[in-house]
Amino acid sequence: MTPEPLYPEERRRPGRFWLITIAAVLTLAATVSLGRWQLSRAAQKEALQADIDAQKQKPALAQAEFLALEKASDALHRPVRLRGLWLPTQTVYLDNRQMHGVPGFYVLTPFALEGSEQAVMVQRGWVQRNFVDRTKLGEVETPAGIVEVTGLIEPPPSHLLELGTPASASAPAAAASAPAGAASAPAAEGASSIRQNLDLEAFRAETKLPLRTDVSLQQTGPASEGLQRDWPAPALGLERHYGYAFQWFGLSALVVILYVWFQFITPFRRSRRRARDGRF
């Protein structure tokens with residue numbers, strides 16, 4: 001049995017009342033569900049951030065342990081200490097990278113591991129761009145001989161949006177070796193050490209280096225060799241998920257407010273007005 005409507009207008013239009021009620025309930029269920037989903041995504045990202053922080057606190061892997069890893073990706077974000085030889089003729093400068101809001105380059109150099117036939121790409125640090133001549137590279141020192149490098153096992157370098165055809169992956173010795181002093185990008189077309197992005201698979205195929213392509217090393221420590229190493233934290237998007245959740249829950253609240261206002265408060269006020277006017 002259909003309940004008696006509270007207000008006169010509902011007696012005349014019961015179908016409209018229930019249609020609006022069903023639409024409001026469905027909209028409320030959808031917006032609340034989407035808000036909860038965004039909160040669950042944020043919780044997943046927080047758990048991922050906790051795992052990353054826990055990995056960073058583990059003892060540094062020795063070189064033998066690193067080489068013995070079947071999948072280095074299983075040890076992502078963990079410290080590692082490696083010994084080997086820099087290959088400065090293959091240095092790459094990734095353009096449009098910022099540190100503390102200042103545009104510049106991430107400097108990457110392959111590192112041949114001592115006692116093995118493997119090399120790993122090392123994200124050595126950041127150098128500021130020359131704002132007068134974009135192709136003039138800053139001073140970066142590259143130690144010769146066997147050196148020890150400490151860093152974090154990280155995924156390959158992140159990619160930025162790239163328009164057009166990327167430059168060649170080869171970096172001539174004349175442009176990239178410069179162990180101490182400024183270097184300028186070569187003028188030959190397609191032969192620049194400055195890149196927008198770097199694909200390790202393509203780089204390995206072009207340079208013929210025995211380069212690991214599943215991971216890279218992000219060098220840590222204080223500024224040195226002309227490079228800064230205040231690496232930004234991974235962008236997990238926590239704030240975005242919380243922002244979306246707030247929007248969905250806000251929309252839910254708006255649906256409730258509008259429903260109560262137009263389904264109950266407005267008819268009630270109209271009925272009282274009509275009662276005062278003697279029309280009820």
# chains A, B, ... in the order shown; residues from 1 in each chain; ligands from 1
call {"tool": "residues_around", "arguments": {"residues": "Glu117 (chain A)", "least_positions_apart": "4", "cutoff": "8 Å", "atoms": "only C-alpha atoms", "output": "PyMOL selection string"}}
result
chain A and resi 112-113+210
call {"tool": "write_last_selection", "arguments": {"atoms": "N, CA and C atoms", "output": "compact mmCIF listing (two decimals), in the first residue's frame"}}
result
# COMPACT_ATOMS: atom_id res chain seq x y z
N ALA A 112 80.15 0.51 -15.88
CA ALA A 112 80.55 -0.88 -16.10
C ALA A 112 80.95 -1.49 -14.77
N LEU A 113 80.28 -2.57 -14.37
CA LEU A 113 80.50 -3.16 -13.06
C LEU A 113 81.78 -4.01 -13.05
N PRO A 210 76.58 -3.86 -22.70
CA PRO A 210 75.84 -4.91 -21.97
C PRO A 210 75.04 -4.28 -20.82
call {"tool": "residues_around", "arguments": {"residues": "region 75-89 of chain A", "least_positions_apart": "3", "cutoff": "6 Å", "atoms": "only C-alpha atoms", "output": "VMD selection string"}}
result
chain A and resid 55 to 56 60 to 63 72 110 to 114 145 to 154 173 176 to 177
call {"tool": "atom_distance", "arguments": {"atom1": "CA of Gly15 (chain A)", "atom2": "CA of Trp248 (chain A)"}}
result
28.3 Å
call {"tool": "residues_around", "arguments": {"residues": "Gly101 (chain A)", "least_positions_apart": "4", "cutoff": "12 Å", "atoms": "only C-alpha atoms", "output": "PDB file with N, CA, C and O atoms, in the first residue's frame"}}
result
ATOM      1  N   ASN A  96      64.686  19.307 -19.617  1.00  0.00           N
ATOM      2  CA  ASN A  96      63.422  19.697 -18.983  1.00  0.00           C
ATOM      3  C   ASN A  96      63.176  18.989 -17.658  1.00  0.00           C
ATOM      4  O   ASN A  96      62.040  18.676 -17.306  1.00  0.00           O
ATOM      5  N   ARG A  97      64.248  18.734 -16.917  1.00  0.00           N
ATOM      6  CA  ARG A  97      64.120  18.197 -15.562  1.00  0.00           C
ATOM      7  C   ARG A  97      64.390  19.323 -14.564  1.00  0.00           C
ATOM      8  O   ARG A  97      65.297  20.132 -14.775  1.00  0.00           O
ATOM      9  N   GLN A 128      72.193  22.567 -13.690  1.00  0.00           N
ATOM     10  CA  GLN A 128      71.335  23.646 -14.160  1.00  0.00           C
ATOM     11  C   GLN A 128      71.581  23.948 -15.632  1.00  0.00           C
ATOM     12  O   GLN A 128      72.701  23.837 -16.132  1.00  0.00           O
ATOM     13  N   ASP A 230      69.340  16.232  -4.858  1.00  0.00           N
ATOM     14  CA  ASP A 230      68.119  16.344  -4.047  1.00  0.00           C
ATOM     15  C   ASP A 230      66.956  15.806  -4.871  1.00  0.00           C
ATOM     16  O   ASP A 230      66.086  16.553  -5.330  1.00  0.00           O
ATOM     17  N   TRP A 231      66.956  14.495  -5.059  1.00  0.00           N
ATOM     18  CA  TRP A 231      65.974  13.869  -5.937  1.00  0.00           C
ATOM     19  C   TRP A 231      64.554  14.066  -5.399  1.00  0.00           C
ATOM     20  O   TRP A 231      64.304  13.897  -4.212  1.00  0.00           O
ATOM     21  N   PRO A 232      63.609  14.416  -6.269  1.00  0.00           N
ATOM     22  CA  PRO A 232      62.215  14.550  -5.816  1.00  0.00           C
ATOM     23  C   PRO A 232      61.627  13.190  -5.480  1.00  0.00           C
ATOM     24  O   PRO A 232      62.011  12.167  -6.051  1.00  0.00           O
TER      25      PRO A 232
END
call {"tool": "residues_around", "arguments": {"residues": "Gln38 (chain A)", "least_positions_apart": "3", "cutoff": "10 Å", "atoms": "only C-alpha atoms", "output": "ChimeraX atom specification"}}
result
/A:32-35,41-44,238,240-246,248
call {"tool": "write_last_selection", "arguments": {"atoms": "all heavy atoms", "output": "tab-separated table (two decimals), in the first residue's frame"}}
result
chain	number	residue	atom	x	y	z
A	32	VAL	N	28.81	8.26	-3.54
A	32	VAL	CA	29.46	7.71	-2.33
A	32	VAL	C	30.41	6.58	-2.70
A	32	VAL	O	31.53	6.49	-2.17
A	32	VAL	CB	28.40	7.23	-1.32
A	32	VAL	CG1	29.05	6.44	-0.19
A	32	VAL	CG2	27.64	8.41	-0.74
A	33	SER	N	29.99	5.72	-3.63
A	33	SER	CA	30.87	4.62	-4.06
A	33	SER	C	32.14	5.15	-4.70
A	33	SER	O	33.25	4.64	-4.44
A	33	SER	CB	30.12	3.71	-5.04
A	33	SER	OG	29.01	3.10	-4.42
A	34	LEU	N	32.02	6.17	-5.55
A	34	LEU	CA	33.21	6.74	-6.19
A	34	LEU	C	34.12	7.42	-5.18
A	34	LEU	O	35.35	7.34	-5.27
A	34	LEU	CB	32.77	7.75	-7.27
A	34	LEU	CG	32.15	7.12	-8.52
A	34	LEU	CD1	31.52	8.19	-9.40
A	34	LEU	CD2	33.20	6.34	-9.30
A	35	GLY	N	33.54	8.07	-4.18
A	35	GLY	CA	34.35	8.68	-3.14
A	35	GLY	C	35.11	7.64	-2.34
A	35	GLY	O	36.29	7.81	-2.03
A	41	ARG	N	42.00	3.96	-3.20
A	41	ARG	CA	43.18	4.18	-4.02
A	41	ARG	C	44.25	4.96	-3.25
A	41	ARG	O	45.43	4.66	-3.34
A	41	ARG	CB	42.80	4.94	-5.30
A	41	ARG	CG	41.97	4.13	-6.27
A	41	ARG	CD	42.81	3.07	-6.95
A	41	ARG	NE	43.84	3.68	-7.79
A	41	ARG	CZ	44.99	3.09	-8.09
A	41	ARG	NH1	45.29	1.91	-7.58
A	41	ARG	NH2	45.86	3.70	-8.87
A	42	ALA	N	43.81	5.94	-2.48
A	42	ALA	CA	44.76	6.69	-1.66
A	42	ALA	C	45.41	5.78	-0.62
A	42	ALA	O	46.62	5.89	-0.36
A	42	ALA	CB	44.05	7.86	-0.97
A	43	ALA	N	44.63	4.87	-0.03
A	43	ALA	CA	45.19	3.94	0.95
A	43	ALA	C	46.22	3.02	0.30
A	43	ALA	O	47.27	2.71	0.91
A	43	ALA	CB	44.07	3.13	1.59
A	44	GLN	N	45.94	2.59	-0.93
A	44	GLN	CA	46.91	1.75	-1.64
A	44	GLN	C	48.21	2.51	-1.90
A	44	GLN	O	49.31	1.96	-1.76
A	44	GLN	CB	46.31	1.28	-2.96
A	44	GLN	CG	45.15	0.31	-2.81
A	44	GLN	CD	44.47	0.01	-4.13
A	44	GLN	OE1	44.96	0.38	-5.20
A	44	GLN	NE2	43.33	-0.66	-4.07
A	238	LEU	N	48.79	11.06	-4.13
A	238	LEU	CA	47.91	10.96	-2.96
A	238	LEU	C	46.96	12.14	-2.87
A	238	LEU	O	45.75	11.98	-2.62
A	238	LEU	CB	48.75	10.88	-1.68
A	238	LEU	CG	49.37	9.52	-1.35
A	238	LEU	CD1	50.32	9.65	-0.17
A	238	LEU	CD2	48.28	8.50	-1.05
A	240	ARG	N	45.82	14.00	-5.17
A	240	ARG	CA	44.80	13.95	-6.21
A	240	ARG	C	43.64	13.04	-5.80
A	240	ARG	O	42.47	13.39	-6.00
A	240	ARG	CB	45.42	13.46	-7.52
A	240	ARG	CG	44.43	13.48	-8.68
A	240	ARG	CD	45.07	13.07	-9.98
A	240	ARG	NE	45.50	11.68	-10.00
A	240	ARG	CZ	46.74	11.25	-9.92
A	240	ARG	NH1	47.72	12.12	-9.83
A	240	ARG	NH2	47.03	9.97	-9.95
A	241	HIS	N	43.97	11.87	-5.24
A	241	HIS	CA	42.91	10.95	-4.83
A	241	HIS	C	42.07	11.54	-3.70
A	241	HIS	O	40.84	11.41	-3.71
A	241	HIS	CB	43.53	9.62	-4.38
A	241	HIS	CG	44.10	8.82	-5.51
A	241	HIS	ND1	43.33	8.37	-6.56
A	241	HIS	CD2	45.37	8.39	-5.76
A	241	HIS	CE1	44.09	7.69	-7.41
A	241	HIS	NE2	45.32	7.70	-6.95
A	242	TYR	N	42.72	12.17	-2.73
A	242	TYR	CA	41.95	12.80	-1.65
A	242	TYR	C	41.09	13.95	-2.19
A	242	TYR	O	39.97	14.16	-1.72
A	242	TYR	CB	42.88	13.29	-0.55
A	242	TYR	CG	43.39	12.18	0.35
A	242	TYR	CD1	44.75	11.94	0.50
A	242	TYR	CD2	42.49	11.38	1.06
A	242	TYR	CE1	45.21	10.92	1.33
A	242	TYR	CE2	42.95	10.36	1.88
A	242	TYR	CZ	44.30	10.14	2.01
A	242	TYR	OH	44.75	9.13	2.82
A	243	GLY	N	41.62	14.69	-3.15
A	243	GLY	CA	40.84	15.77	-3.75
A	243	GLY	C	39.61	15.26	-4.47
A	243	GLY	O	38.52	15.81	-4.34
A	244	TYR	N	39.78	14.17	-5.24
A	244	TYR	CA	38.64	13.59	-5.94
A	244	TYR	C	37.62	13.04	-4.95
A	244	TYR	O	36.41	13.17	-5.16
A	244	TYR	CB	39.10	12.47	-6.87
A	244	TYR	CG	39.83	12.95	-8.11
A	244	TYR	CD1	40.72	12.14	-8.79
A	244	TYR	CD2	39.62	14.24	-8.60
A	244	TYR	CE1	41.39	12.57	-9.93
A	244	TYR	CE2	40.27	14.68	-9.74
A	244	TYR	CZ	41.16	13.85	-10.40
A	244	TYR	OH	41.81	14.29	-11.52
A	245	ALA	N	38.11	12.40	-3.87
A	245	ALA	CA	37.18	11.87	-2.86
A	245	ALA	C	36.37	13.00	-2.23
A	245	ALA	O	35.15	12.87	-2.03
A	245	ALA	CB	37.96	11.11	-1.78
A	246	PHE	N	37.03	14.11	-1.94
A	246	PHE	CA	36.32	15.25	-1.37
A	246	PHE	C	35.24	15.76	-2.33
A	246	PHE	O	34.12	16.10	-1.91
A	246	PHE	CB	37.32	16.37	-1.05
A	246	PHE	CG	36.69	17.63	-0.52
A	246	PHE	CD1	36.32	17.73	0.81
A	246	PHE	CD2	36.45	18.71	-1.36
A	246	PHE	CE1	35.73	18.88	1.30
A	246	PHE	CE2	35.85	19.86	-0.89
A	246	PHE	CZ	35.50	19.95	0.45
A	248	TRP	N	33.63	14.01	-4.67
A	248	TRP	CA	32.51	13.07	-4.76
A	248	TRP	C	31.63	13.13	-3.51
A	248	TRP	O	30.40	13.10	-3.60
A	248	TRP	CB	33.03	11.65	-4.98
A	248	TRP	CG	33.52	11.39	-6.37
A	248	TRP	CD1	34.77	11.01	-6.75
A	248	TRP	CD2	32.76	11.49	-7.58
A	248	TRP	NE1	34.86	10.87	-8.11
A	248	TRP	CE2	33.63	11.16	-8.65
A	248	TRP	CE3	31.45	11.83	-7.88
A	248	TRP	CZ2	33.22	11.16	-9.98
A	248	TRP	CZ3	31.03	11.83	-9.20
A	248	TRP	CH2	31.91	11.50	-10.23
call {"tool": "closest_atom_pairs", "arguments": {"of": "region 64-118 of chain A", "to": "region 225-228 of chain A", "cutoff": "12 Å", "atoms": "only C-alpha atoms", "output": "tab-separated table"}}
result
residue	atom	partner	partner_atom	distance
A:Gln98	CA	A:Gln228	CA	11.0
A:Met99	CA	A:Gln228	CA	8.4
A:His100	CA	A:Gln228	CA	10.4
A:Val102	CA	A:Gln228	CA	11.8
A:Gly104	CA	A:Gln228	CA	10.8
A:Phe105	CA	A:Leu227	CA	9.9
A:Tyr106	CA	A:Leu227	CA	9.0
A:Val107	CA	A:Leu227	CA	8.2
A:Leu108	CA	A:Leu227	CA	11.0
call {"tool": "residues_around", "arguments": {"residues": "Val122 (chain A)", "least_positions_apart": "2", "cutoff": "7 Å", "atoms": "only C-alpha atoms", "output": "short mmCIF file (atom, residue, chain, number, x, y, z; two decimals) with C-alpha atoms, in the first residue's frame"}}
result
data_model
loop_
_atom_site.label_atom_id
_atom_site.label_comp_id
_atom_site.auth_asym_id
_atom_site.auth_seq_id
_atom_site.Cartn_x
_atom_site.Cartn_y
_atom_site.Cartn_z
CA LEU A 108 73.07 9.84 -16.80
CA THR A 109 76.23 7.83 -17.40
CA PRO A 110 76.62 4.06 -17.96
CA PHE A 111 78.64 2.32 -15.23
CA VAL A 120 73.99 -0.19 -15.30
CA ARG A 124 74.17 10.74 -11.38
CA SER A 216 68.79 2.06 -13.18
CA LEU A 217 70.79 3.38 -10.25
CA GLN A 218 69.91 6.73 -8.69
CA GLN A 219 73.12 8.00 -7.11
#
call {"tool": "atom_distance", "arguments": {"atom1": "CA of Arg270 (chain A)", "atom2": "CA of Thr27 (chain A)"}}
result
26.5 Å
call {"tool": "select_by_dssp", "arguments": {"residues": "region 26-168 of chain A", "states": "alpha helix (DSSP H)", "output": "PyMOL selection string"}}
result
chain A and resi 26-56+63-68
call {"tool": "closest_residue", "arguments": {"among": "A:Thr142, A:Gln118, A:Leu19, A:Leu28", "to": "Ile257 (chain A)", "atoms": "only C-alpha atoms"}}
result
A:Leu28
call {"tool": "closest_residue", "arguments": {"among": "A:Arg274, A:Val260, A:Leu67, A:Val92", "to": "Thr21 (chain A)", "atoms": "only C-alpha atoms"}}
result
A:Val260
call {"tool": "closest_residue", "arguments": {"among": "A:Ser73, A:Tyr93, A:Leu211, A:Thr31", "to": "Gln123 (chain A)", "atoms": "only C-alpha atoms"}}
result
A:Tyr93
call {"tool": "atom_distance", "arguments": {"atom1": "CA of Trp18 (chain A)", "atom2": "CA of Trp37 (chain A)"}}
result
28.4 Å
call {"tool": "select_by_dssp", "arguments": {"residues": "region 16-226 of chain A", "states": "strand (DSSP E)", "output": "JSON, numbers by chain"}}
result
{"A": [79, 80, 81, 82, 83, 84, 85, 86, 92, 93, 94, 95, 96, 97, 98, 99, 102, 103, 104, 105, 106, 107, 108, 109, 110, 111, 112, 113, 119, 120, 121, 122, 123, 124, 125, 126, 127, 128, 136, 137, 146, 147, 148, 149, 150, 151, 152, 153, 154, 183, 184, 194, 195, 216, 217, 218, 219]}
